[in-house]
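Accompanying notes for the structure given below.
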Amino acid sequence: MASANNLEIRKLNASIATTAGSLIGDSALTDFKVVDKATGLVVAGPTDVSIANIDGVVGVSFTDIFNINAGQSRSFKMTADIPSDWDNSDAIRVSLTAFAAGADVKNLDNNTFLAAAEIVPSTVLSGNVQTAKAPSLEISLSGTPTSQTVVKGTTGVSFVGIGLRAIADDIKVTTIKITATSASVTDDNMISDLQNLGLYDGTTLISSLKSLTTSTASSATATFSSLNYTIPKGQSKVLTVKGSLSVTAVANNPYEIGIAQATVTNNTTGNDLVAVDSEGNEPTYLSSHAASGPNMAANVQVTVTGSGSINVVTAPDDTESKASIVLAGGSKQSLAKFNFTATNEAMTVKKLVVLINNESSTAAAATSTVEAAVVYLYDGSTQLGSTSGYSPIGSGASAGQVIVQDLNWTVGKSETRTLTVKADTNTIANGATSGRSVYAHLLPTNFEATGAAATVTTNGAAGGAKGKEKVVYKTYPAIAVSSAGTLLTSGSNDLIKFTVTNKSSNSVLSWNTVSFNVSAASATAPLYKVSGAFDPAATFTLRDLTNATNLTIGTTATAGSVTAGQYTLYLTNEEQISAGGVREYRITGSVIAPGSNSSISTQLVVRQETSNASIKKGVAWADAASGGSPEGDAIIQDADSGFVWSDNSATGHSLLTTDWANGVYADTFPSDIMSRSN
């Protein structure tokens, strides 16, 4: 209410109407009053309104006098106490009826009563419908935990979650009685196997710890009384029953814990969960279950097992664990990754054996242990075991084995963690052999992991788990491509640009051969040779953009079709890139294309890089390129390699020395596709 004058309110008129249900026979609406919202002070009333008057429409007048000062705005609310015997969903609406002209409101400035036209609005102001809601507690089976298998001797086992939702009022839980059952064991088993039971809100214990006592021959109970656990109005909580499994619990015994009676209302002797509302009255209990209470139909079970287990497999390939090249003289380079999964309980890995050898068999001792000088173990970025690493056994039947006895690495229950094997590699000068393969394996023997109840000595990896091939080189190339332009014209077009990076800071890198494919849509790819020395062949320009020179191409090998050309360029001389250097190149070729709606796409490839491709290494250039003399062959053969390079590790390096390799394992082939269109 607001006024420009000093007013005296002599009477407020309200009406109360029933909008749903019936209040006949119910108790009176009590403590009906008008309250100043800002101060909380009562300005009119209170009064009681009998049900006989409310069941329909009744007017209520407040004759307490209060003032509104000139320029003041005051807000009021009408409140009442709802009797506990009103039915759920009974509804009423309270309205403020119009002031009577010349009687209800007085202007103190001129000592006159206001006329109807001076009061705005002069009609009824209706409040919202107020629906009675009986204080209720909804009891349900929580979605967590779910059924699980737990090792005997485990503490903090979550047996069941009980969902509680307070409706229409704050609800305080005072007593919860739990019942344990099992389809195959007696009450004596339950009492001895299920120990230190308590009610938890998250990690907070809200009850004392209890033991089970006999209820029937096939059930046992525990009662948590004197609880003071309140669920605020409209909120939901979950109480979890947690406890311990005895170390003598019998494997395969199943147990369920629930609330046997959860829906008996207003009967404190019959309901296994007792609560009160804010007025101290027992609420209505709402529940729907397959049985008389949550989890009494064995929805959630805990099954005992004698011990946990751990299983080891090779981790899926990633940029570190895939088959690849490692740098001689490198520090902590990844050799392999293995996934460890613990079942039924957390397992702490104490002992394991890693084998570093030179072939894919886990049964073979290392031919050479020089390449991987020191081995390290990691979980992500966290180093495990010895901080100084482990040295592989140097000779004999156990050559290459890394014996680890101090790991103490824990894998959580139902968790998978990844063990990464890394190594410091020797330099070529210190005895490492360029082009030698290195494999990391996890052996199935001499393994030990401990859980709460037992120690296991097998890791589930029958025959062991092995990593992918790593090849040690003095240096190696990394290839990256970029666009040479996007507009396609008929005639000469720059097809693709690429860079070759020397990954070593102390060795020269050479390369001599590059291969690429060109696919065409509504255009004709560069000419290709299908047979015979006299077929027309495509001509290309390979430009060294870094040094602004065109390279001399000895032979251009081709194959394919007018829409899918295949090309390999063999240089007359090898390209040499200094240690740590990067050089950029561009390939240009001729395309026949109409004036619009045509396109070509170019991609660098390694022709031998298929699902079962193997690296050619430690061979002369001609053998790395195709197994023969590709410089005299202008047609691409199945055995040809797409990229040929050398780490210059051989004394007197040349095209004839055996320090060349094909492009398998070089990053990144096949390259991204670069396109031109019009």
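Order determines the names: the first chain of the structure tokens is A, the second B, and so forth; residues in each chain are numbered 1 upward, and ligands are numbered 1 upward as they are shown.
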- Query: Out of segment 87-334 of chain A, which residues get strand (DSSP E or B) from DSSP, as a PyMOL selection string?
  - Reply: chain A and resi 91-96+105-107+112-113+125-131+136-141+148-151+157-167+171-181+194-201+204-205+210+213-216+219-224+229-231+236-245+254-258+273-276+284-287+302-305+309-314+324-327+333-334
- Tell me, as a list of chain:residue names, which residues lie within 8 Å of segment 227-241 of chain A, counting only C-alpha atoms; anything in the same chain fewer than 3 positions away does not count. A:Ser142, A:Ser158, A:Phe159, A:Val160, A:Gly161, A:Ile162, A:Gly163, A:Leu164, A:Arg165, A:Ala166, A:Ile167, A:Ala168, A:Asp169, A:Asp170, A:Ile171, A:Lys172, A:Val173, A:Thr174, A:Thr175, A:Leu197, A:Gly198, A:Leu199, A:Tyr200, A:Asp201, A:Gly202, A:Ile206, A:Ser207, A:Phe224, A:Ile257
Serialized selection, C-alpha atoms, as a tab-separated table (two decimals), in the first residue's frame:
chain	number	residue	atom	x	y	z
A	142	SER	CA	19.13	-45.35	-4.61
A	158	SER	CA	28.82	-49.92	0.41
A	159	PHE	CA	25.93	-52.40	0.72
A	160	VAL	CA	22.92	-50.29	-0.24
A	161	GLY	CA	21.79	-46.69	-0.70
A	162	ILE	CA	18.45	-45.50	0.71
A	163	GLY	CA	16.95	-42.43	-1.00
A	164	LEU	CA	14.98	-40.01	1.21
A	165	ARG	CA	12.96	-37.00	-0.06
A	166	ALA	CA	11.19	-34.50	2.21
A	167	ILE	CA	7.84	-33.23	0.88
A	168	ALA	CA	5.99	-30.13	2.19
A	169	ASP	CA	8.11	-29.82	5.35
A	170	ASP	CA	11.47	-30.51	6.92
A	171	ILE	CA	11.57	-34.18	7.90
A	172	LYS	CA	13.78	-35.51	10.69
A	173	VAL	CA	14.66	-39.21	10.62
A	174	THR	CA	14.93	-40.68	14.12
A	175	THR	CA	15.15	-44.46	13.60
A	197	LEU	CA	27.59	-51.44	9.96
A	198	GLY	CA	26.73	-47.74	9.90
A	199	LEU	CA	24.66	-45.12	8.08
A	200	TYR	CA	26.61	-42.61	6.00
A	201	ASP	CA	25.72	-39.37	4.27
A	202	GLY	CA	28.50	-39.43	1.71
A	206	ILE	CA	25.49	-40.18	11.04
A	207	SER	CA	24.88	-43.16	13.32
A	224	PHE	CA	19.94	-47.27	14.44
A	257	ILE	CA	20.67	-55.23	3.12
- Message: Considering only helix (DSSP H, G or I) as DSSP defines it on the backbone, what residues of segment 23-217 of chain A qualify? List them as a PyMOL selection string.
- Response: chain A and resi 51-54+116-118+187-193
- What separates atom CA of Val58 of chain A and atom CA of Lys106 of chain A is a distance of 25.6 Å
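Here the question is which of A:Val302, A:Met347, A:Val375, A:Leu551 gets nearest to Gly243 of chain A using only C-alpha atoms, and that residue is A:Val302.
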Using 12 Å as the limit and counting only C-alpha atoms, can you tabulate each residue of segment 244-282 of chain A that touches segment 286-301 of chain A, with its shortest atom-to-atom distance in Å and the two atoms involved, as a Markdown table?
| residue | atom | partner | partner_atom | distance |
| --- | --- | --- | --- | --- |
| A:Asn252 | CA | A:Gln301 | CA | 11.3 |
| A:Asn253 | CA | A:Gln301 | CA | 9.9 |
| A:Pro254 | CA | A:Gln301 | CA | 6.3 |
| A:Tyr255 | CA | A:Gln301 | CA | 5.5 |
| A:Glu256 | CA | A:Gln301 | CA | 5.0 |
| A:Ile257 | CA | A:Asn295 | CA | 6.7 |
| A:Gly258 | CA | A:Asn295 | CA | 4.7 |
| A:Ile259 | CA | A:Gly293 | CA | 5.1 |
| A:Ala260 | CA | A:Gly293 | CA | 4.9 |
| A:Gln261 | CA | A:Gly293 | CA | 5.2 |
| A:Ala262 | CA | A:Gly293 | CA | 4.9 |
| A:Thr263 | CA | A:Ser287 | CA | 6.0 |
| A:Val264 | CA | A:Leu286 | CA | 9.1 |
| A:Thr265 | CA | A:Leu286 | CA | 8.9 |
| A:Gly270 | CA | A:Ser292 | CA | 11.8 |
| A:Asn271 | CA | A:Gly293 | CA | 9.9 |
| A:Asp272 | CA | A:Gly293 | CA | 9.0 |
| A:Leu273 | CA | A:Gly293 | CA | 9.9 |
- Message: Show me, as a list in words, the residues that have an atom within 12 Å of Ser50 of chain A when counting only C-alpha atoms, minus same-chain residues fewer than 3 positions from it.
- Response: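 Listing them by chain and then by number gives Ile16, Leu23, Ile24, Gly25, Asp26, Ser27, Ala28, Leu29, Thr30, Asp31, Phe32, Thr47, Asn53, Ile54, Asp55, Gly56, Val57, Val58, Gly59, Val60, Ile82 and Pro83 of chain A.
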- Query: Which residues, written as a PyMOL selection string, have at least one atom at most 8 Å from segment 418-423 of chain A, with only C-alpha atoms counted and residues fewer than 4 positions away on the same chain left out?
  - Reply: chain A and resi 315+331-340+372-380+440
Kindly save the residues from that selection, with N, CA and C atoms included, as a PDB file, in the first residue's frame.
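Final output, saved to result.pdb:
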ATOM      1  N   ALA A 315      48.518 -51.600 -24.111  1.00  0.00           N
ATOM      2  CA  ALA A 315      47.619 -50.457 -24.264  1.00  0.00           C
ATOM      3  C   ALA A 315      47.404 -50.138 -25.736  1.00  0.00           C
ATOM      4  N   SER A 331      66.795 -39.347 -24.228  1.00  0.00           N
ATOM      5  CA  SER A 331      66.515 -39.510 -22.793  1.00  0.00           C
ATOM      6  C   SER A 331      65.051 -39.850 -22.567  1.00  0.00           C
ATOM      7  N   LYS A 332      64.806 -40.908 -21.805  1.00  0.00           N
ATOM      8  CA  LYS A 332      63.463 -41.304 -21.367  1.00  0.00           C
ATOM      9  C   LYS A 332      62.466 -41.306 -22.522  1.00  0.00           C
ATOM     10  N   GLN A 333      62.792 -42.050 -23.561  1.00  0.00           N
ATOM     11  CA  GLN A 333      61.903 -42.195 -24.709  1.00  0.00           C
ATOM     12  C   GLN A 333      60.956 -43.374 -24.487  1.00  0.00           C
ATOM     13  N   SER A 334      59.694 -43.204 -24.855  1.00  0.00           N
ATOM     14  CA  SER A 334      58.688 -44.236 -24.613  1.00  0.00           C
ATOM     15  C   SER A 334      58.917 -45.440 -25.512  1.00  0.00           C
ATOM     16  N   LEU A 335      58.923 -46.622 -24.892  1.00  0.00           N
ATOM     17  CA  LEU A 335      59.054 -47.875 -25.646  1.00  0.00           C
ATOM     18  C   LEU A 335      57.736 -48.620 -25.751  1.00  0.00           C
ATOM     19  N   ALA A 336      56.922 -48.599 -24.671  1.00  0.00           N
ATOM     20  CA  ALA A 336      55.666 -49.361 -24.683  1.00  0.00           C
ATOM     21  C   ALA A 336      54.775 -48.878 -23.558  1.00  0.00           C
ATOM     22  N   LYS A 337      53.478 -49.203 -23.683  1.00  0.00           N
ATOM     23  CA  LYS A 337      52.509 -48.920 -22.628  1.00  0.00           C
ATOM     24  C   LYS A 337      51.660 -50.162 -22.398  1.00  0.00           C
ATOM     25  N   PHE A 338      51.403 -50.457 -21.103  1.00  0.00           N
ATOM     26  CA  PHE A 338      50.615 -51.626 -20.727  1.00  0.00           C
ATOM     27  C   PHE A 338      49.500 -51.199 -19.771  1.00  0.00           C
ATOM     28  N   ASN A 339      48.288 -51.693 -20.038  1.00  0.00           N
ATOM     29  CA  ASN A 339      47.143 -51.386 -19.184  1.00  0.00           C
ATOM     30  C   ASN A 339      46.971 -52.455 -18.113  1.00  0.00           C
ATOM     31  N   PHE A 340      46.913 -52.019 -16.847  1.00  0.00           N
ATOM     32  CA  PHE A 340      46.681 -52.901 -15.712  1.00  0.00           C
ATOM     33  C   PHE A 340      45.263 -52.638 -15.203  1.00  0.00           C
ATOM     34  N   ALA A 372      69.054 -49.878 -25.280  1.00  0.00           N
ATOM     35  CA  ALA A 372      68.295 -49.369 -24.130  1.00  0.00           C
ATOM     36  C   ALA A 372      69.158 -49.507 -22.882  1.00  0.00           C
ATOM     37  N   ALA A 373      69.842 -48.436 -22.518  1.00  0.00           N
ATOM     38  CA  ALA A 373      70.822 -48.509 -21.438  1.00  0.00           C
ATOM     39  C   ALA A 373      70.171 -48.508 -20.063  1.00  0.00           C
ATOM     40  N   VAL A 374      69.158 -47.657 -19.866  1.00  0.00           N
ATOM     41  CA  VAL A 374      68.478 -47.534 -18.574  1.00  0.00           C
ATOM     42  C   VAL A 374      66.977 -47.482 -18.839  1.00  0.00           C
ATOM     43  N   VAL A 375      66.209 -48.249 -18.058  1.00  0.00           N
ATOM     44  CA  VAL A 375      64.759 -48.334 -18.228  1.00  0.00           C
ATOM     45  C   VAL A 375      64.076 -47.656 -17.048  1.00  0.00           C
ATOM     46  N   TYR A 376      62.991 -46.910 -17.343  1.00  0.00           N
ATOM     47  CA  TYR A 376      62.212 -46.214 -16.318  1.00  0.00           C
ATOM     48  C   TYR A 376      60.749 -46.620 -16.448  1.00  0.00           C
ATOM     49  N   LEU A 377      60.019 -46.559 -15.334  1.00  0.00           N
ATOM     50  CA  LEU A 377      58.594 -46.879 -15.314  1.00  0.00           C
ATOM     51  C   LEU A 377      57.807 -45.645 -14.888  1.00  0.00           C
ATOM     52  N   TYR A 378      56.692 -45.408 -15.576  1.00  0.00           N
ATOM     53  CA  TYR A 378      55.874 -44.225 -15.300  1.00  0.00           C
ATOM     54  C   TYR A 378      54.392 -44.584 -15.289  1.00  0.00           C
ATOM     55  N   ASP A 379      53.644 -43.861 -14.462  1.00  0.00           N
ATOM     56  CA  ASP A 379      52.184 -43.818 -14.520  1.00  0.00           C
ATOM     57  C   ASP A 379      51.831 -42.386 -14.886  1.00  0.00           C
ATOM     58  N   GLY A 380      51.528 -42.154 -16.155  1.00  0.00           N
ATOM     59  CA  GLY A 380      51.353 -40.780 -16.616  1.00  0.00           C
ATOM     60  C   GLY A 380      52.672 -40.035 -16.493  1.00  0.00           C
ATOM     61  N   ALA A 440      59.768 -53.751 -26.016  1.00  0.00           N
ATOM     62  CA  ALA A 440      59.580 -53.861 -24.565  1.00  0.00           C
ATOM     63  C   ALA A 440      58.417 -54.815 -24.311  1.00  0.00           C
TER      64      ALA A 440
END
- Message: With only C-alpha atoms as the counted atoms, please give the residues lying no more than 6 Å from segment 122-136 of chain A, apart from itself and same-chain residues fewer than 2 positions off, as a ChimeraX atom specification.
- Response: /A:88-98,119-120,167-169,283-285
Keeping C-alpha atoms for every residue in the selection just given, could you write it to a file as a PDB file, in the first residue's frame?
ATOM      1  CA  ASN A  88      -3.696 -33.528   1.068  1.00  0.00           C
ATOM      2  CA  SER A  89      -4.624 -31.299  -1.936  1.00  0.00           C
ATOM      3  CA  ASP A  90      -7.291 -29.273  -0.076  1.00  0.00           C
ATOM      4  CA  ALA A  91      -6.956 -25.744  -1.487  1.00  0.00           C
ATOM      5  CA  ILE A  92      -8.066 -22.226  -0.536  1.00  0.00           C
ATOM      6  CA  ARG A  93      -7.681 -18.732  -1.993  1.00  0.00           C
ATOM      7  CA  VAL A  94      -7.483 -15.561   0.169  1.00  0.00           C
ATOM      8  CA  SER A  95      -8.535 -12.261  -1.420  1.00  0.00           C
ATOM      9  CA  LEU A  96      -8.503  -8.641  -0.251  1.00  0.00           C
ATOM     10  CA  THR A  97     -11.952  -7.181  -0.862  1.00  0.00           C
ATOM     11  CA  ALA A  98     -12.621  -3.543  -1.732  1.00  0.00           C
ATOM     12  CA  ILE A 119      -8.847   4.254  -3.632  1.00  0.00           C
ATOM     13  CA  VAL A 120      -7.087   2.491  -6.525  1.00  0.00           C
ATOM     14  CA  ILE A 167       7.840 -33.232   0.884  1.00  0.00           C
ATOM     15  CA  ALA A 168       5.991 -30.134   2.186  1.00  0.00           C
ATOM     16  CA  ASP A 169       8.108 -29.824   5.350  1.00  0.00           C
ATOM     17  CA  PRO A 283       4.764 -37.861   8.246  1.00  0.00           C
ATOM     18  CA  THR A 284       3.175 -39.899   5.525  1.00  0.00           C
ATOM     19  CA  TYR A 285       5.628 -42.439   4.132  1.00  0.00           C
TER      20      TYR A 285
END
